[in-house]
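Have a look at target09.csv; it's CSV, C-alpha atoms:
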```csv
chain,number,residue,atom,x,y,z
B,100,MET,CA,0.0,0.0,0.0
B,101,THR,CA,1.4,3.3,-1.0
B,102,LEU,CA,0.4,6.8,-0.1
B,103,ASP,CA,-1.7,8.3,-2.9
B,104,ALA,CA,-1.8,12.1,-3.2
B,105,GLU,CA,-5.1,12.5,-1.2
B,106,ALA,CA,-4.0,10.2,1.6
B,107,LYS,CA,-0.6,12.0,1.8
B,108,MET,CA,-2.4,15.4,2.0
B,109,GLN,CA,-4.6,14.2,4.8
B,110,PHE,CA,-1.7,12.7,6.6
B,111,LEU,CA,0.3,16.0,6.5
B,112,PHE,CA,-2.8,18.0,7.4
B,113,ALA,CA,-3.3,15.8,10.5
B,114,LEU,CA,0.3,16.4,11.5
B,115,ARG,CA,0.0,20.2,11.1
B,116,SER,CA,-3.3,20.3,13.0
B,117,LYS,CA,-1.6,18.7,16.0
B,118,GLY,CA,1.2,21.3,16.0
B,119,VAL,CA,3.9,19.8,13.7
B,120,MET,CA,5.0,22.9,11.8
B,121,ASP,CA,8.7,22.4,11.2
B,122,LYS,CA,9.2,22.1,7.4
B,123,ARG,CA,12.2,19.8,7.6
B,124,VAL,CA,10.3,17.4,9.9
B,125,LEU,CA,7.2,17.5,7.7
B,126,THR,CA,9.4,16.8,4.6
B,127,ALA,CA,11.1,13.9,6.3
B,128,MET,CA,7.7,12.4,7.4
B,129,GLU,CA,6.4,12.9,3.8
B,130,LYS,CA,9.3,10.9,2.5
B,131,VAL,CA,9.0,8.0,4.9
B,132,ASP,CA,6.0,5.7,4.1
B,133,ARG,CA,4.6,4.6,7.5
B,134,GLY,CA,2.8,1.7,5.7
B,135,ALA,CA,6.2,0.0,5.1
B,136,PHE,CA,6.6,-0.4,8.9
B,137,ILE,CA,3.3,-2.0,9.6
B,138,THR,CA,2.3,-5.5,8.6
B,139,GLY,CA,-0.7,-7.7,9.1
B,140,HIS,CA,-4.3,-6.6,9.5
B,141,PHE,CA,-3.3,-3.2,10.9
B,142,ALA,CA,-1.6,-2.2,7.7
B,143,GLU,CA,-4.8,-0.6,6.3
B,144,ARG,CA,-4.7,1.8,9.2
B,145,ALA,CA,-1.1,2.9,8.6
B,146,TYR,CA,-2.1,6.5,7.6
B,147,GLU,CA,-4.4,7.1,10.5
B,148,ASP,CA,-3.1,9.3,13.4
B,149,VAL,CA,-3.2,6.4,15.9
B,150,PRO,CA,-0.7,4.2,17.6
B,151,LEU,CA,-0.7,0.6,16.4
B,152,PRO,CA,0.6,-2.7,17.9
B,153,ILE,CA,3.7,-4.3,16.6
B,154,ALA,CA,5.6,-7.4,17.7
B,155,CYS,CA,7.0,-8.0,21.3
B,156,GLY,CA,4.1,-6.1,22.9
B,157,GLN,CA,5.4,-2.8,21.5
B,158,THR,CA,3.6,-0.1,19.5
B,159,ILE,CA,4.4,2.2,16.6
B,160,SER,CA,3.6,5.7,17.9
B,161,GLN,CA,0.9,7.8,16.3
B,162,PRO,CA,2.4,10.0,13.6
B,163,SER,CA,1.5,13.3,15.3
B,164,VAL,CA,3.5,12.2,18.5
B,165,VAL,CA,6.4,11.1,16.3
B,166,GLY,CA,6.3,14.5,14.6
B,167,MET,CA,6.1,16.5,17.9
B,168,MET,CA,9.0,14.5,19.4
B,169,THR,CA,11.1,15.0,16.2
B,170,GLN,CA,10.3,18.7,16.1
B,171,ALA,CA,11.2,19.1,19.8
B,172,LEU,CA,14.5,17.3,19.2
B,173,ASP,CA,15.5,20.0,16.7
B,174,VAL,CA,17.9,17.8,14.8
B,175,GLN,CA,20.6,19.6,12.8
B,176,PRO,CA,22.2,18.1,9.6
B,177,ARG,CA,25.6,17.5,11.3
B,178,ASP,CA,24.1,15.9,14.5
B,179,LYS,CA,24.8,12.4,15.8
B,180,VAL,CA,21.5,11.0,17.3
B,181,LEU,CA,20.7,8.2,19.6
B,182,GLU,CA,17.3,6.6,19.6
B,183,VAL,CA,16.4,4.3,22.5
B,184,GLY,CA,13.6,2.0,21.4
B,185,THR,CA,13.9,1.1,17.8
B,186,GLY,CA,10.4,-0.6,17.6
B,187,SER,CA,9.2,-0.7,14.0
B,188,GLY,CA,12.1,1.5,12.8
B,189,TYR,CA,9.7,4.3,11.7
B,190,GLN,CA,11.2,7.0,13.9
B,191,ALA,CA,14.8,6.1,13.0
B,192,ALA,CA,13.9,6.3,9.3
B,193,ILE,CA,12.6,9.8,9.7
B,194,LEU,CA,15.7,10.8,11.7
B,195,SER,CA,17.9,9.4,8.9
B,196,HIS,CA,16.6,12.3,6.7
B,197,LEU,CA,17.5,14.9,9.3
B,198,ALA,CA,20.8,13.8,11.0
B,199,ARG,CA,24.3,12.9,9.9
B,200,ARG,CA,24.3,9.7,11.9
B,201,VAL,CA,21.7,7.8,13.8
B,202,TYR,CA,22.2,5.0,16.4
B,203,THR,CA,19.1,3.1,17.3
B,204,ILE,CA,19.0,0.4,20.0
B,205,ASP,CA,16.2,-2.0,21.1
B,206,ARG,CA,16.2,-4.8,23.7
B,207,HIS,CA,14.3,-7.1,21.3
B,208,ALA,CA,16.3,-8.8,18.6
B,209,ARG,CA,13.0,-9.8,17.0
B,210,LEU,CA,12.5,-6.2,16.2
B,211,THR,CA,16.0,-5.1,15.3
B,212,ARG,CA,16.7,-7.9,12.9
B,213,PRO,CA,13.9,-7.0,10.4
B,214,VAL,CA,14.5,-3.3,10.8
B,215,ARG,CA,18.2,-3.8,9.9
B,216,LYS,CA,17.2,-5.8,6.8
B,217,MET,CA,14.5,-3.2,5.9
B,218,PHE,CA,17.0,-0.3,6.1
B,219,GLU,CA,19.4,-2.2,3.8
B,220,ASP,CA,16.6,-2.7,1.3
B,221,MET,CA,15.7,1.0,1.6
B,222,ASP,CA,19.3,2.0,1.1
B,223,ILE,CA,19.3,3.9,4.5
B,224,THR,CA,23.0,3.9,5.2
B,225,ASN,CA,23.4,6.4,8.0
B,226,VAL,CA,21.5,4.4,10.7
B,227,THR,CA,23.2,1.7,12.8
B,228,VAL,CA,20.7,-0.7,14.4
B,229,LEU,CA,21.8,-2.3,17.7
B,230,THR,CA,20.4,-4.9,20.0
B,231,GLY,CA,20.9,-4.2,23.6
B,232,ASP,CA,19.7,-2.5,26.8
B,233,GLY,CA,19.0,1.0,25.7
B,234,SER,CA,18.5,2.3,29.2
B,235,PHE,CA,22.3,2.4,29.4
B,236,GLY,CA,22.6,4.1,26.0
B,237,VAL,CA,25.6,3.5,23.7
B,238,PRO,CA,28.5,4.8,25.8
B,239,GLU,CA,31.2,3.9,23.2
B,240,GLN,CA,29.5,6.2,20.7
B,241,SER,CA,28.9,9.1,23.1
B,242,PRO,CA,28.5,12.0,23.4
B,243,PHE,CA,25.4,12.5,21.3
B,244,ASP,CA,24.0,15.8,20.0
B,245,ARG,CA,20.5,14.5,20.3
B,246,ILE,CA,18.8,11.6,22.2
B,247,ILE,CA,15.2,10.4,21.7
B,248,VAL,CA,13.6,7.8,24.0
B,249,THR,CA,10.5,6.1,22.7
B,250,ALA,CA,9.6,4.4,26.0
B,251,ALA,CA,8.6,6.0,29.3
B,252,ALA,CA,11.0,6.2,32.3
B,253,GLU,CA,10.1,7.4,35.8
B,254,ASP,CA,12.9,9.9,35.5
B,255,PRO,CA,15.2,10.8,32.6
B,256,PRO,CA,17.7,8.0,32.8
B,257,GLY,CA,21.1,9.0,34.3
B,258,PRO,CA,23.3,7.1,31.8
B,259,LEU,CA,21.5,8.8,28.9
B,260,LEU,CA,21.9,12.3,30.4
B,261,ALA,CA,25.6,11.5,30.9
B,262,GLN,CA,25.9,10.7,27.1
B,263,LEU,CA,24.3,14.0,26.0
B,264,ARG,CA,26.7,16.6,24.7
B,265,GLU,CA,26.7,20.1,26.2
B,266,GLY,CA,24.2,22.0,24.2
B,267,GLY,CA,22.5,18.8,23.3
B,268,ILE,CA,18.8,17.9,23.6
B,269,MET,CA,17.0,14.8,24.8
B,270,VAL,CA,13.3,14.1,24.4
B,271,VAL,CA,11.8,11.5,26.7
B,272,PRO,CA,8.4,10.5,28.0
B,273,VAL,CA,8.5,10.6,31.8
B,274,GLY,CA,5.9,9.1,34.3
B,275,GLN,CA,4.4,5.9,35.6
B,276,SER,CA,3.6,3.3,32.9
B,277,ASP,CA,0.0,3.0,34.0
B,278,ALA,CA,-0.7,6.7,34.2
B,279,VAL,CA,-0.5,9.7,31.9
B,280,GLN,CA,3.1,10.6,31.2
B,281,SER,CA,4.6,13.9,30.1
B,282,LEU,CA,6.9,14.4,27.2
B,283,ILE,CA,10.0,16.2,28.5
B,284,LYS,CA,12.6,18.1,26.6
B,285,VAL,CA,15.9,18.1,28.4
B,286,THR,CA,18.6,20.6,27.3
B,287,ARG,CA,22.1,20.2,28.6
B,288,GLY,CA,23.7,23.6,29.4
B,289,PRO,CA,27.0,24.6,30.9
B,290,GLU,CA,25.5,24.7,34.4
B,291,GLY,CA,23.4,21.5,34.2
B,292,PHE,CA,20.1,20.3,32.7
B,293,GLU,CA,17.0,22.4,31.9
B,294,TYR,CA,13.6,20.6,31.7
B,295,GLU,CA,10.6,21.6,29.7
B,296,GLU,CA,7.3,19.8,29.8
B,297,LEU,CA,5.8,19.5,26.3
B,298,LEU,CA,2.6,17.5,26.2
B,299,PRO,CA,0.8,14.5,27.8
B,300,VAL,CA,1.6,11.1,26.2
B,301,ARG,CA,1.3,7.4,26.8
B,302,PHE,CA,4.2,5.1,26.0
B,303,VAL,CA,5.2,1.5,26.9
B,304,PRO,CA,7.7,1.5,29.9
B,305,LEU,CA,11.4,1.6,29.4
B,306,LEU,CA,12.7,-1.7,30.7
B,307,GLU,CA,16.2,-2.9,31.6
B,308,GLY,CA,17.7,-6.0,30.2
B,309,LEU,CA,17.2,-7.9,26.9
B,310,GLY,CA,13.9,-9.1,25.7
B,311,GLN,CA,13.0,-12.8,25.4
B,312,GLU,CA,13.3,-14.3,21.9
```
Re-express the file's structure as structure tokens.
Amino acid sequence: MTLDAEAKMQFLFALRSKGVMDKRVLTAMEKVDRGAFITGHFAERAYEDVPLPIACGQTISQPSVVGMMTQALDVQPRDKVLEVGTGSGYQAAILSHLARRVYTIDRHARLTRPVRKMFEDMDITNVTVLTGDGSFGVPEQSPFDRIIVTAAAEDPPGPLLAQLREGGIMVVPVGQSDAVQSLIKVTRGPEGFEYEELLPVRFVPLLEGLGQE
């Protein structure tokens, strides 16, 4: 299923109506076909502004939330970005159009294996897909200019804050997994971290350790 012109217009209108106004983000989201990241009987709903289930009890976030998170991240063309929670690979594919280099990590090899293959098929060459415990980040590649976390933590994880470059931005959902969470933008300044609350969200919890195969 590919986006026809009308569906694409409706998709972008929905993004704008929810506050996604950054032209670079909208262009990246127009280029990345969400339908390619959803299989099975949910595929026909790929262009609706709703979260949808994927394997391993995870979800692909609704496009407007992906757009708002990406917009808040303010990725620049020379940036090195870390994504914690690869999931379907949709967010990482969008980031690939905005950043110089993207590292994405997920605890489920059942998710990272097909994403790695999909990116090869799509000729996305600036994204490295890793299997591991994302709550500890990727210290060997730090510091990062931008970090995006697509699972909710009770507090912004310390290891990830430590891997954020001065002047860098992290976007992370914070809150209890069974309650409304807040999307938080963290900016690292010379004196420490500044926190800005963006909008209420609901994400799966950020878990330590590797997932079961």
| At what distance in Å, to one decimal, does atom CA of B:Ile247 lie from atom CA of B:Val285? |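 These atoms are spaced 10.2 Å apart.
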| Between B:Ser195, B:Thr249, B:Ser116, B:Gln109, which is the closest to B:Ile159 once you count only C-alpha atoms? |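 Distance minimum relative to B:Ile159 lands on B:Thr249.
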| query | Can you tell me how far atom CA of B:Ala154 sits from atom CA of B:Asp132, in Å to one decimal? | reply | 18.9 Å
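For the set B:Asn225, B:Gln262, B:Gln157, B:Gln175, the residue with the smallest atom-to-atom gap to B:His207 is B:Gln157, counting all atoms listed in the file.
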| Surrounding residues of B:Val300 excluding itself and chain neighbours under 3 positions, 12 Å, all atoms listed in the file, as a ChimeraX atom specification | /B:150,160-161,163-165,167-168,249-251,271-283,296-297,303-304
| Test item: residues at most 10 Å from B:Leu111, all atoms listed in the file, excluding those fewer than 5 positions along its chain, as a ChimeraX atom specification | /B:106,116,119-120,125-126,128-129,146,162-163
| field | Test item: which residues lie within 8 Å of (12.2, 7.5, 3.0) counting all atoms listed in the file, as a list in words | value |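 Within the cut-off we find Ala127, Met128, Glu129, Lys130, Val131, Asp132, Ala192, Ile193, His196 and Met221 of chain B.
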| Between atom CA of B:Arg144 and atom CA of B:Val201 - distance in Å to one decimal |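 Spanning atom CA of B:Val201 to atom CA of B:Arg144 is a straight-line distance of 27.5 Å.
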Determine the axis-aligned bounding box of all atoms of stretch 270-282 of chain B present in the file, pad each side by 8 Å, and express its centre and edge lengths in Å to one decimal place as AutoDock Vina command-line options.
```
--center_x 6.3 --center_y 8.7 --center_z 30.0 --size_x 30.0 --size_y 27.4 --size_z 27.2
```
| query | From the set B:Glu105, B:Asp121, B:Glu265, B:Asp205, which residue has the shortest atom-to-atom contact distance to B:Ala191, counting only C-alpha atoms? | reply | B:Asp205
| Between B:Pro213, B:Gly134, B:Gly288, B:Gly118, which is the closest to B:Asp103 once you count all atoms listed in the file? |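 Answer, going by the shortest atom-to-atom distance: B:Gly134.
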| request: Can you work out which one of B:Thr185, B:Arg264, B:Gly231, B:Leu197 has the shortest atom-to-atom distance to B:Pro289, counting all atoms listed in the file? | output: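 Answer, going by the shortest atom-to-atom distance: B:Arg264.
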| message | Would you pick out the contacts of stretch 259-261 of chain B at 8 Å or less, using all atoms listed in the file, so that residues sharing its chain but fewer than 6 positions from it are not included, and give the list as a ChimeraX atom specification? | response | /B:234-236,246,269
Print the selection's residues with C-alpha atoms to a file, as a PDB file, in the coordinates of the input.
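The result, written out as out.pdb:
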```pdb
ATOM      1  CA  SER B 234      18.500   2.300  29.200  1.00  0.00           C
ATOM      2  CA  PHE B 235      22.300   2.400  29.400  1.00  0.00           C
ATOM      3  CA  GLY B 236      22.600   4.100  26.000  1.00  0.00           C
ATOM      4  CA  ILE B 246      18.800  11.600  22.200  1.00  0.00           C
ATOM      5  CA  MET B 269      17.000  14.800  24.800  1.00  0.00           C
TER       6      MET B 269
END
```
